Structure formats: C-alpha cells, structure tokens
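Working notes for the structure below.
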Amino acid sequence: MKRKKMMAAVLAALMTCSAFTPAVAVKADDDVVKLKIWVFGEGSTEECEKVSEALSEITREKIGAEVEIYQTIDTEKLNLAMTSGEKLDLVCAHNLDRSGLVSSGMLLPLDDLYTEYAPDAAAMVKEEDTKALYFDDQMYFLPSNGDKARASGVMMRKDILDELGINADDIKGMDDFHDVLVKVKENYPDLYPLVPSWVGGGMQKTFHIDDIYNGLVVLENGFDPSDTTITSQYETQEWKDFCNYMYQWNQEGLLMPDAATSTDNSPMSTVGFADYENLIPGKEADFSKGNGHEFVSAQFVEPLKDTERNKGIWCIPAGCEYPEKAMELWNLLYSDKEVATMAAYGIEGVNYEWVEEGSVVKIPDGVKDTYTTYEWAWPNLNILPVFEGKDPAVRQELEEFNDSAARATSLGFVLDTSTIMNEITACNNVKQKYETPLQWGALDPEEAIPEFIEELEAAGLRTIHEEAQRQLDEYLAKQK
Amino acid sequence: MKSKMRKIRRYWPLYLMMLPACIYIFINNYVPLPGVSLAFRQYNFQKGIYGSPFIGLKNFKFLFASKDAWIIMRNTIGYNLIFIVLGTVCAIAVAILLCEIRSKISKKIYQTCILIPYLVSMVIISYLVFAFLSEGNGYINTQILAKLGMNKISWYNEPKYWPVILVIVNLWKNIGYNSIMYYAMIIAIDKTYYEAARVDGAGRWQQILHITLPAIKPTIVILTLMSVGRIMYSDFGLFYQIPMNSGTLLDVTNTIDTYVYRGLMQTNNIGMSAAAGVYQSVVGFILVITANLIVKKVDPESALF
Amino acid sequence: MYKNEKIFQFFANLILALLTICCVAPFLLMISASFSSESALSVYGYTFWPKEFDLSAYKYLFSSTGALLKAYSVSIGVTVVGTVLNLIMTILMSYPLSRKDLPGRNIFAFYLFFTMLFNGGLIPSYIMWTRNFHIQNTIWALLIPNLLLNAYNVIMMRTYFTSSIPMEIIEAAKIDGAREGTILVKCVLPMAKPIIATVALLVGLGYWNDWMNGLYYLSDDSLYSIQVLLTKIMRNIDMIKQTSASGVSVMAQIPSTSVRMAIAFLGVLPILIAYPFFQKFLVKGITVGAVKG
C-alpha cells in the first residue's frame, strides 16, 4: 500500500517527462502547399488566421498555394526563428541586419527565381531600384515600391502657428525654427516646444549626410557626387552644429524634459508642439490623422534617394521548402491589387470598407482595428488604396517625388560588415552612450563630442572606415 | 567492489526518486550544452551549428576590444560584490529583528509587506522608479524637491546618483526574500539552545553571536558561494530597464549583459553572444571552484560539493 | 532588563515599520497613477492620491476583447500546474541528495550545480524544444523550458534537510523496517513544511512572472499569459526605437502612462490577493515545523 503511494508519486513526476512528447501533429494535408509569411505588424493571431484563410481562397486558385500570415514587430523573435531554421517562406526582414543574414547563409539567392517566377512584378520595377538588392552580384532581397527618397524637416501644430501668425514656409532652418520655439514657449506654457518623435529620444535625421551604415559610415554631403570620402556622422560639421543648437535650446527650456529617455511614443498628440520628421507626400495628412491635431511641415533638407530607402525588405529564407511558390506569392503581393489589398488591410466589410471603390478605404465604424498592418511593410505601396482623409492622388505624387529626388552618391552601395563585426559592435556601444544625449542637448558638445570621437576611434572606427572606403571605391569604379 | 555494488543496490529507491529531475536536467540543460561551441565558430545557417567553421577566439575579441571593456567588468563585479555583502548583512539583520518582535500581528504585517517587492518583475519596478525619478513629473522632483525649494534634478542624466539608486533598488527588491529565507532557518533552530544560554546569563547579542549565526552559517556560505558563481552575470532588468536605457548613465550602469545586448541588438551575431556567455560561465566557474576549495579547507561541512 | 526589552522592541518595530512603508509606498504611487487622468499626471506629477480620479485606463483595458481575462486564466493555470510538478521533482531530487550515506551523492550534486554555471545558450535550446519536442504554440511552452526545476531551489531544500532533519530519525525509521518512500512522506516531509512553503512560493512566482518562454515560443496570442502581454507592450518600446531609426514612423500603440500603470497593477494584483493567504500558511508552516523540529 505504502509502496503504491510512493510509486504514484514517482509516476506523477514521470508524467512531467511524458509531457515532452510532441503535442501537435505536424502536417495534415500534403497536397496543398502552405506558405508562411512573416510581416512587420501588430495584428492579432485571430485576425491573421481569418485573413489568411480568405487570402488562401484566392491564392489557391492563382498559384496553387495557401498562405499563413504572421505579424510581429519583435525583430528579436524573427531573428530567433530565422537563425534556428524555422520553416518560413517569405519574410519581411525590416530592421534585421541584412549583411549578417546574407553572410551567415540564411537567405536564398533570388536572381533566377525573380526573373522566372515574378514576371509581373519584374516588369513594374525600374532597373535603378534593384541596385541595392545585391550582395556580391547576387540578389538577396526583393524590391519594394514606396517612398524611395526622403526629405526631412520639422512637423508643427498648425493651429498654434496660425494663432502666432507664422507661415510654415518661412521656416527655413534651425535659426528660424528657434525663434518659433521661443514664441511657443512664451505663449503656450502647457506645451513642450520640441519633443521626441518616438520613445527614448527618437529623432529623424535632418542632415544632408548620406547615411551608409547607422551613422558610423556616411558621406558628409549626399548631394555632392564629388565627395566620396567616408566619415562618420559624428565628425561632420553639420551634426556638431546641430548638437550645439540642441544643447543651447535645452538650456533655454525649449525641449521636453527627459527627452532622451521618454516613454511616450507620440508626445506630439498630447504635449508637443514640434518634432523632427521625414517628409514625403501625404505625410502631413497621415501625421495629422495619427496625432489628432492638424499639422504642417517645414522642410530643412531636400529629397534624397539613397540606399537605405531602396534596399528592399522582402526575402526568402534558406529554410523555405517551396521557393518557387514563395516567389509567385511575392509576385502577387507586388502586382495583384486584390491580393495586396487583402494582405495589407484584411477582409472587406470586416477589417475595412470602401469609401471610394478601388481607391479609398476606412475602418468600419465601431470596429476595433486589430488587423491592419503597416502599409509600407508590404511590397508595393502604390497599388494599395489610401485611407480616408488622404487624397488618392498621393500615390502618384509619391512616384514623382521619388523620380525628382536627388540621387545619393552611394545609391545602391551596401556595406558588407562581416569582416568588421567586432569594431561595429564596440562602436554601437559607444554610440549608445553619446548619440541620443548629445542630440537632445543633455551633454555639453564642447566636451562630449571630442570624447565621443576618441572613444569611437578606440573602438575601431578607423578600421571600419578603411574597409568601407575600400568597398565603396570598388563599387563606384564598377558603376562607371 | 562487491560490497559497493550491494550498497548501491540497497539505495535504489533513492536513485529512482532522483530520476525525473535528472532526466529533466539532462534534456533542458545538458542536451543544448554543445551549443557553446558556437562561441568558437563562424555561424553558417546552411552548415548548421555543429558544421560551421571554427574561427578560434575571434568572437571573444569584441568583449575586450574597446576601452569600455574594463568599465563593464568593474561594474559587473563591483555591483555584485556590494549586492552580496550588503544584501546578506541586511537580510540577516531583518530576519533577526523579525524573530525578536513579540507582537504577532505586527510581525505578520512586516513579513507580508517586505516580500511584496520581490513578487513583481523588474519591468514593473522600472515604472515605479520612473514614477519617483521622472524629471518632469516624478514624485521626488515635483513633491519633495519643489517643496524644499530645490532645483529639479535630471535623474536620468546624472551618473553620480546611480550607483546608490541601483544598490537601493536591488536591496529593496531582494531583502524580503532573503530575510524570509533566513527567518525560516532561524526559527527552526532548537529553542532549548536559547533557553540554556539564557540560564547561563547570555544577553541577546551573545545569543545571536553564538547560537543564531553559527546555526545559519551553512546557509550563508552556500548562498554566497552561489552568488560568487554568478558574479559575472547581472540582472538585465536592473541595469537596463531601471535606468531606462539612458545613454548618459552608461559608465555606471553598463554591465556585461547590457553591453552584449546593446552591441548585438542590431547585428544579432549569435557567435558573439555565445562567446560572451562562455566567458561569463568560465570565469564564474573558476571563481566558485576556488571559493569552494577555500571553504572546504576552512569548514568542510559547509562546502557546496 | 524589562525596560531594555521595551526599548529594544520599540526600535525593532520602528525599523521594520519604516522598511515596510518603503516596500509598500511605491505600489500606492503606481495604483494612484493608474486611477489618474493622463492630464493630471503631466500637470501635477505622480501623487499618492489621484488629483483627478479617472477610470479611463481600466475602461480601455477591459474593452479590448477579453484578452486580459484569457491571459489571466492562462497565467493561473500554468502557475498552479507548474508549481505542483516542480515541487514534486524538487523534493524527490533534494531528499536523496541530503542523505549523507548515499553513495555518489557528490556526483549528483555536481551534476546539478554544473547547470547553474553553464548553459548552451538560447539558440540551441530553442532548436531542441521546437524541432524535437514541438512545444511552440502549445501550453507546454509556458510550462517546460527552464522552469520545471531550479537547481537553486534543490540546493536550498537539500541544505534544509541536512541541517534540520536529524539522521537519527531516519535511522530509527529504517530499523523499524520503513521503506525509503515512506520515510520521505511520513518522517521528512512533515518536518520540511517551511522549506516546502518557501520553495512553492518561489516556484509559483517564477511561473507567474515568466515572460521569456512566452515571448520566444509563442506566436499565437491566445496563449499569452498576463506577463507576456505586459512585457510585449514594454518591449515594443525597444522595437519601435530600433525600427523608427531606419526612417519609417511606427505608430505602434504604446499605451499611455496611466494605462501602463494599470496593466502593471493588474499584473501584480493576483499576487497581492493570493499572497496574504499563502503567507498565512507559510508562517503557520514555519512555526509548526519549528515546534516539531
């Protein structure tokens, strides 16, 4: 009897081990190909499943495959899935380290697949826009169509500017901007004149530099083709001036306190008057809608088309079982309006409804938006309808904006970081210590910038620059 | 030999008891262990973990590459030493006080309350700390300093306060658990020892010194040994989330774990993160073996193994 | 002597009372913030009593599709089941280790202790659990990896057994012909209530507060526990920071301060409710154990 009890205890413990046995059957239906897509977004699993089901109806007919959409903005999780070889077929690798993915063999080369299985999309893509998709003459990323250039400047509350009698077009640079901020501080003590764009002192770059790698590798003036000397953002005069301005403004109380460690992702909707933003056609409308006030922008830096905006984010992981089908699916997402709209906005009548058939959508009244992804995360922004409140013509404007923008000197050049990983890691750490506090005026530039540069050099900045210069020169020579 | 076998056979029920745990440990901890070899390899997805080429110690280089290297070592080891010493002393003091309190109700209230911080995660604590220290609307700036007529302090930009803040937060979080642990040990001490001591005329202080402390010594030694083994590790939440990842504070808040996380967040180089893990383990291992040897020499009963 | 005692009691109470206030006050600040309106927070700052009482944070939370209640039930279920399984394994492992007469016990102790120092890292573990055991997107993902046994607890319990349970009792039971299992259940466990209560509390907390397993092994948000939900929100901050830097604006919904405080409060609330009851048994267990010991 006693023994039985004892055995029962042991058995109970062993049960915990039997829990190890697989809890799910892996595959049910072998005939249908199921493609797993990971896209940058925050949709709930339930909605993703519903949309996947509806989308599969269409794709089964068009390419003979079903889809399963997953959304996350957690890049670490996506990294983990890719590194450990989870079966993924089509991935939006936004914000993943591209060079690392390629050099550790996690991606499939795409040249042949692209020409053979994505003819519709290939016909729509301009030659110039594929330049930045290559590593070592192999295409690893798929082109994205959206904003391929960017201008930058500041975004301000329109109602306040109007009350102060200021015209946004008159604000041409930091000095004009300063005067406005001072007036705002005097007249609106409840508002912080200048706030971060997102959490943790987020700030869009409003410099003329051509950023090749995270501020560590840049060309001082992206608009000047004769300048091909690699430097870092932190050694440019423009950035130093900027830090001086911000330091002075912080002393004058024009900046939001604790800006560098803020936890508010949209201070512009509540306590802010202005922030630094990228400017593209339609931005003002988007921004006003997102933040609940009317906003107007002032441009400081004219549009520049650089590698960063043209690198393409979609790729096919090496663990993909059906690369051909994956490419066909991408082709649909790029070129088929019905598929693209459903993938990005969900099911009509459930997740969105038409305001103007084919061009303008809105979230149905009373529906909580639990699916809509970031439209720019999908391959082709230009075939998607716009949200209510935005002029459908904005898609055309964006095309023109892209075409008319200046071309950065290094457009198409992608830095291969595999041999300078140690130095980059060390420099990233140094950057964390100085960059945001300097940009928000929390440190005195007089003292901090020389220290910053010195520490970057100790961390191997020059080694990075030598390597980058070599690669860039090689690339530019090839272009001629 | 034969008698040894017979002995082992005699104890089979005890071995059987250990079986489930041993199996679990084997799967959970030992099967993935060869993965540490990643630290010496250039990871290549197509070749897999165990097929990727060896590159020697190259992955370790970044840990020592910059002049930050010694700062992060200093912070990691320094804070841990303070935590071990201060944490132990305070916890024992509180445990002894708890035992001595007569009033049953207040004893229960104290016990209940001081454990509360231990129950919550660091993420939540980071928000509590922020509620106090936020420059614009934190409790200290708006309610205390303002009323005293003092200037606001930009807490998240002033490195000089942070060693103290971090020690306080860590102590605050862990004191409840540690002292309850010691309390359980103290209260289990045979009461007759104390009665005998009192008969001999020993005061409270002498009782603590000669009965309580010796009785809980094995626990102290083991807890300390285990902390020594983890001296190269740091509580990521404490050093990353509590200071709100503020760049200006890095000189006093950067530890090995946060350094690795920050450095690799963008590049996701798993070889390098594996290297950092190996480095922490090996140093911890050497330290704990050494410490255990010393303990074994001084007091064999208390040694860990 | 008596007067001394009174003074001592006074100071001891004073010190502990101050400590108690320090431990509780920050939570009051958090609770007050969760009931404050967002504007009052930015105008008056954090206060121990809401300046403008406002329930909108809670309204917002409970309106969102019942995800919160579901997460609650996942958390509670996982915590209860996990704690029971873990306790059984911990006791079964630590008791034999505490027996000085057990041949090879040092080898087992080292086998255990070694795991506290070395681990294979996330990637190899992740590959093993997902490829060989397929625990991703099942409830097992929250129960099994790393949490089912903690070497630290085993060593604590072993130490308790060695220091508080006299070998003579075990010897006596053996002479009476009792089996090992009986000795454990009938003699050892009743004397080990304090440590069992303590370990149970720790393990329960481990399960309740864990978010790593959920974050790594779950992509199905219907299985999210309350902590995973909470961490997800906090983590998005980091992710946004990384992402937005590359030039796109991410309007991810980071809840406002008061909502975050409300979620934090809701995450702590069950512990705060369950804990005093638990504490009652804990203290009782400690006292009973001590009297018998």
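Please note that chains go A, B, ... in the order of the structure tokens, that every chain numbers its residues from 1, and that ligands are numbered from 1 in the order shown.
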Contact check, chain C to chain B, at most 6 Å, counting only C-alpha atoms, closest pairs as a tab-separated table:
residue	atom	partner	partner_atom	distance
C:Thr20	CA	B:Ile114	CA	5.5
C:Cys23	CA	B:Ile114	CA	5.6
C:Pro26	CA	B:Leu128	CA	6.0
C:Gly45	CA	B:Asn137	CA	3.8
C:Tyr46	CA	B:Tyr139	CA	5.3
C:Met89	CA	B:Ala21	CA	5.5
C:Leu92	CA	B:Met17	CA	5.0
C:Met93	CA	B:Met18	CA	4.5
C:Pro96	CA	B:Leu14	CA	5.4
C:Asn106	CA	B:Phe305	CA	5.9
C:Leu117	CA	B:Ser281	CA	5.4
C:Phe118	CA	B:Ser281	CA	5.5
C:Asn119	CA	B:Leu33	CA	5.7
C:Gly120	CA	B:Leu33	CA	3.9
C:Pro124	CA	B:Pro32	CA	5.1
C:Ser125	CA	B:Pro32	CA	5.3
C:Ala264	CA	B:Ile124	CA	6.0
C:Ala290	CA	B:Ala188	CA	4.4
Query raised in the report: Within 6 Å of chain A, which residues of chain B show up when using only C-alpha atoms, listed as a PyMOL selection string?
Result: chain B and resi 20+44-46+62+66+135-136+246-248+250+263+267
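With only C-alpha atoms as the basis for measurement, A:Arg150 is the residue among A:Lys337, A:Arg150, A:Lys240, A:Lys131 that approaches chain C most closely.
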Query raised in the report: From the list C:Trp49, C:Tyr44, C:Phe265, C:Tyr216, which residue is nearest chain A when using only C-alpha atoms?
Result: C:Tyr216
**Report entry** Selection: 7 Å around Gly82 of chain C, only C-alpha atoms, excl. self and same-chain fewer than 4 positions, as JSON, numbers by chain
**Finding:** {"C": [78, 86, 143, 148, 207]}
Would you give me, as JSON lines, each residue of chain C having an atom within 6 Å of an atom of chain A, along with its shortest atom pair and that distance in Å to one decimal, using only C-alpha atoms and sorting by chain and residue number?
{"residue": "C:Ile127", "atom": "CA", "partner": "A:Ser84", "partner_atom": "CA", "distance": 5.7}
{"residue": "C:Phe133", "atom": "CA", "partner": "A:Pro22", "partner_atom": "CA", "distance": 5.1}
{"residue": "C:His134", "atom": "CA", "partner": "A:Pro22", "partner_atom": "CA", "distance": 5.4}
{"residue": "C:Gly181", "atom": "CA", "partner": "A:Met6", "partner_atom": "CA", "distance": 5.4}
{"residue": "C:Asp220", "atom": "CA", "partner": "A:Thr45", "partner_atom": "CA", "distance": 5.6}
{"residue": "C:Asp221", "atom": "CA", "partner": "A:Thr45", "partner_atom": "CA", "distance": 5.8}
{"residue": "C:Thr243", "atom": "CA", "partner": "A:Asn95", "partner_atom": "CA", "distance": 5.9}
**Report entry** Contact residues around Phe60 of chain B with only C-alpha atoms at 8 Å, ignoring same-chain residues under 5 positions, as a list in words
**Finding:** Ala39, Met272, Ala275 and Ala276 of chain B
Please provide the set of residues having any atom within 8 Å of Leu171 of chain B, restricted to only C-alpha atoms, with same-chain residues fewer than 6 positions apart removed, written as a PDB file with N, CA and C atoms, in the first residue's frame.
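Final output, saved to selection_7.pdb:
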ATOM      1  N   PHE B  83      26.227  43.880  -3.719  1.00  0.00           N
ATOM      2  CA  PHE B  83      24.940  43.215  -3.511  1.00  0.00           C
ATOM      3  C   PHE B  83      25.096  42.034  -2.566  1.00  0.00           C
ATOM      4  N   LEU B  86      26.164  43.550   1.169  1.00  0.00           N
ATOM      5  CA  LEU B  86      25.098  44.345   1.768  1.00  0.00           C
ATOM      6  C   LEU B  86      23.802  43.541   1.880  1.00  0.00           C
ATOM      7  N   GLY B  87      23.512  42.792   0.821  1.00  0.00           N
ATOM      8  CA  GLY B  87      22.288  42.005   0.800  1.00  0.00           C
ATOM      9  C   GLY B  87      22.247  41.013   1.943  1.00  0.00           C
TER      10      GLY B  87
END
Query raised in the report: What is the atom CA of Thr228 of chain A to atom CA of Ile464 of chain A distance in Å?
Result: 15.3 Å
Requested in this report: Can you pull out every residue within 12 Å of Ile166 of chain A, counting only C-alpha atoms, but drop anything in the same chain fewer than 4 positions away, and send it as number ranges by chain?
Outcome: A: 156-162, 170-171, 176-177, 179-181, 183-184, 296, 298
Take the residues from that selection and write them out as a PDB file, in the first residue's frame, keeping N, CA and C atoms.
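Contents of the output file selection.pdb:
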ATOM      1  N   MET A 156       4.894  70.716 -37.288  1.00  0.00           N
ATOM      2  CA  MET A 156       4.429  71.621 -36.232  1.00  0.00           C
ATOM      3  C   MET A 156       2.911  71.673 -36.176  1.00  0.00           C
ATOM      4  N   ARG A 157       2.388  72.024 -34.996  1.00  0.00           N
ATOM      5  CA  ARG A 157       0.942  72.189 -34.833  1.00  0.00           C
ATOM      6  C   ARG A 157       0.483  73.395 -35.642  1.00  0.00           C
ATOM      7  N   LYS A 158      -0.456  73.137 -36.570  1.00  0.00           N
ATOM      8  CA  LYS A 158      -0.893  74.214 -37.455  1.00  0.00           C
ATOM      9  C   LYS A 158      -1.704  75.273 -36.717  1.00  0.00           C
ATOM     10  N   ASP A 159      -2.565  74.823 -35.798  1.00  0.00           N
ATOM     11  CA  ASP A 159      -3.417  75.783 -35.093  1.00  0.00           C
ATOM     12  C   ASP A 159      -2.579  76.818 -34.335  1.00  0.00           C
ATOM     13  N   ILE A 160      -1.481  76.329 -33.754  1.00  0.00           N
ATOM     14  CA  ILE A 160      -0.644  77.245 -32.970  1.00  0.00           C
ATOM     15  C   ILE A 160       0.126  78.200 -33.870  1.00  0.00           C
ATOM     16  N   LEU A 161       0.655  77.670 -34.967  1.00  0.00           N
ATOM     17  CA  LEU A 161       1.347  78.532 -35.925  1.00  0.00           C
ATOM     18  C   LEU A 161       0.410  79.632 -36.411  1.00  0.00           C
ATOM     19  N   ASP A 162      -0.845  79.235 -36.727  1.00  0.00           N
ATOM     20  CA  ASP A 162      -1.820  80.220 -37.204  1.00  0.00           C
ATOM     21  C   ASP A 162      -2.067  81.297 -36.155  1.00  0.00           C
ATOM     22  N   ASP A 170       8.046  79.973 -44.125  1.00  0.00           N
ATOM     23  CA  ASP A 170       9.118  80.919 -43.796  1.00  0.00           C
ATOM     24  C   ASP A 170      10.189  80.306 -42.911  1.00  0.00           C
ATOM     25  N   ILE A 171       9.912  79.119 -42.399  1.00  0.00           N
ATOM     26  CA  ILE A 171      10.890  78.486 -41.510  1.00  0.00           C
ATOM     27  C   ILE A 171      11.839  77.663 -42.370  1.00  0.00           C
ATOM     28  N   ASP A 176      15.507  80.008 -37.780  1.00  0.00           N
ATOM     29  CA  ASP A 176      14.096  80.381 -37.871  1.00  0.00           C
ATOM     30  C   ASP A 176      13.268  79.543 -36.900  1.00  0.00           C
ATOM     31  N   PHE A 177      13.600  78.258 -36.886  1.00  0.00           N
ATOM     32  CA  PHE A 177      12.858  77.305 -36.065  1.00  0.00           C
ATOM     33  C   PHE A 177      12.979  77.698 -34.592  1.00  0.00           C
ATOM     34  N   ASP A 179      13.374  80.656 -33.288  1.00  0.00           N
ATOM     35  CA  ASP A 179      12.522  81.790 -32.955  1.00  0.00           C
ATOM     36  C   ASP A 179      11.078  81.345 -32.711  1.00  0.00           C
ATOM     37  N   VAL A 180      10.628  80.401 -33.545  1.00  0.00           N
ATOM     38  CA  VAL A 180       9.262  79.904 -33.385  1.00  0.00           C
ATOM     39  C   VAL A 180       9.109  79.199 -32.033  1.00  0.00           C
ATOM     40  N   LEU A 181      10.099  78.363 -31.712  1.00  0.00           N
ATOM     41  CA  LEU A 181      10.021  77.615 -30.458  1.00  0.00           C
ATOM     42  C   LEU A 181       9.963  78.554 -29.256  1.00  0.00           C
ATOM     43  N   LYS A 183       8.776  81.573 -29.190  1.00  0.00           N
ATOM     44  CA  LYS A 183       7.432  82.156 -29.122  1.00  0.00           C
ATOM     45  C   LYS A 183       6.428  81.165 -28.534  1.00  0.00           C
ATOM     46  N   VAL A 184       6.551  79.909 -28.935  1.00  0.00           N
ATOM     47  CA  VAL A 184       5.630  78.895 -28.416  1.00  0.00           C
ATOM     48  C   VAL A 184       5.793  78.768 -26.910  1.00  0.00           C
ATOM     49  N   VAL A 296       1.504  70.877 -39.869  1.00  0.00           N
ATOM     50  CA  VAL A 296       2.082  71.394 -41.092  1.00  0.00           C
ATOM     51  C   VAL A 296       3.591  71.252 -40.970  1.00  0.00           C
ATOM     52  N   ALA A 298       7.771  71.975 -42.228  1.00  0.00           N
ATOM     53  CA  ALA A 298       8.734  72.867 -42.858  1.00  0.00           C
ATOM     54  C   ALA A 298       9.939  72.023 -43.242  1.00  0.00           C
TER      55      ALA A 298
END
Query raised in the report: Using the chain letters and numbers from this document, which residues of segment 121-270 of chain A does DSSP assign to helix (DSSP H, G or I), as a PyMOL selection string?
Result: chain A and resi 121-124+127-133+158-164+168-170+174-187+233-235+237-251+259-261+267-269
Requested in this report: Extract, using only C-alpha atoms, all DNA, RNA and protein residues at most 8 Å from Ile231 of chain B, discarding same-chain residues fewer than 6 positions from it, and format them as a ChimeraX atom specification.
Outcome: /B:76-77,80-81,284
Can you write just those residues out, all heavy atoms, as a PDB file, in the first residue's frame?
ATOM      1  N   THR B  76      30.172  45.090 -13.418  1.00  0.00           N
ATOM      2  CA  THR B  76      29.554  43.796 -13.163  1.00  0.00           C
ATOM      3  C   THR B  76      30.013  43.222 -11.836  1.00  0.00           C
ATOM      4  O   THR B  76      29.210  42.858 -10.976  1.00  0.00           O
ATOM      5  CB  THR B  76      29.917  42.811 -14.297  1.00  0.00           C
ATOM      6  OG1 THR B  76      29.726  43.469 -15.536  1.00  0.00           O
ATOM      7  CG2 THR B  76      29.058  41.587 -14.240  1.00  0.00           C
ATOM      8  N   ILE B  77      31.328  43.153 -11.657  1.00  0.00           N
ATOM      9  CA  ILE B  77      31.862  42.529 -10.450  1.00  0.00           C
ATOM     10  C   ILE B  77      31.615  43.421  -9.233  1.00  0.00           C
ATOM     11  O   ILE B  77      31.184  42.954  -8.182  1.00  0.00           O
ATOM     12  CB  ILE B  77      33.362  42.227 -10.629  1.00  0.00           C
ATOM     13  CG1 ILE B  77      33.533  41.205 -11.746  1.00  0.00           C
ATOM     14  CG2 ILE B  77      33.956  41.701  -9.333  1.00  0.00           C
ATOM     15  CD1 ILE B  77      34.956  40.926 -12.129  1.00  0.00           C
ATOM     16  N   ASN B  80      28.020  43.377  -8.023  1.00  0.00           N
ATOM     17  CA  ASN B  80      27.693  42.075  -7.446  1.00  0.00           C
ATOM     18  C   ASN B  80      28.285  41.912  -6.062  1.00  0.00           C
ATOM     19  O   ASN B  80      27.637  41.373  -5.164  1.00  0.00           O
ATOM     20  CB  ASN B  80      28.167  40.948  -8.365  1.00  0.00           C
ATOM     21  CG  ASN B  80      27.120  40.603  -9.405  1.00  0.00           C
ATOM     22  OD1 ASN B  80      25.934  40.679  -9.113  1.00  0.00           O
ATOM     23  ND2 ASN B  80      27.552  40.255 -10.603  1.00  0.00           N
ATOM     24  N   LEU B  81      29.535  42.368  -5.888  1.00  0.00           N
ATOM     25  CA  LEU B  81      30.155  42.261  -4.566  1.00  0.00           C
ATOM     26  C   LEU B  81      29.348  43.055  -3.539  1.00  0.00           C
ATOM     27  O   LEU B  81      29.044  42.566  -2.455  1.00  0.00           O
ATOM     28  CB  LEU B  81      31.598  42.769  -4.613  1.00  0.00           C
ATOM     29  CG  LEU B  81      32.605  41.805  -5.256  1.00  0.00           C
ATOM     30  CD1 LEU B  81      33.994  42.436  -5.287  1.00  0.00           C
ATOM     31  CD2 LEU B  81      32.633  40.488  -4.498  1.00  0.00           C
ATOM     32  N   GLY B 284      32.959  32.518 -13.845  1.00  0.00           N
ATOM     33  CA  GLY B 284      32.139  32.160 -12.690  1.00  0.00           C
ATOM     34  C   GLY B 284      32.524  30.795 -12.151  1.00  0.00           C
ATOM     35  O   GLY B 284      32.649  30.589 -10.944  1.00  0.00           O
TER      36      GLY B 284
END
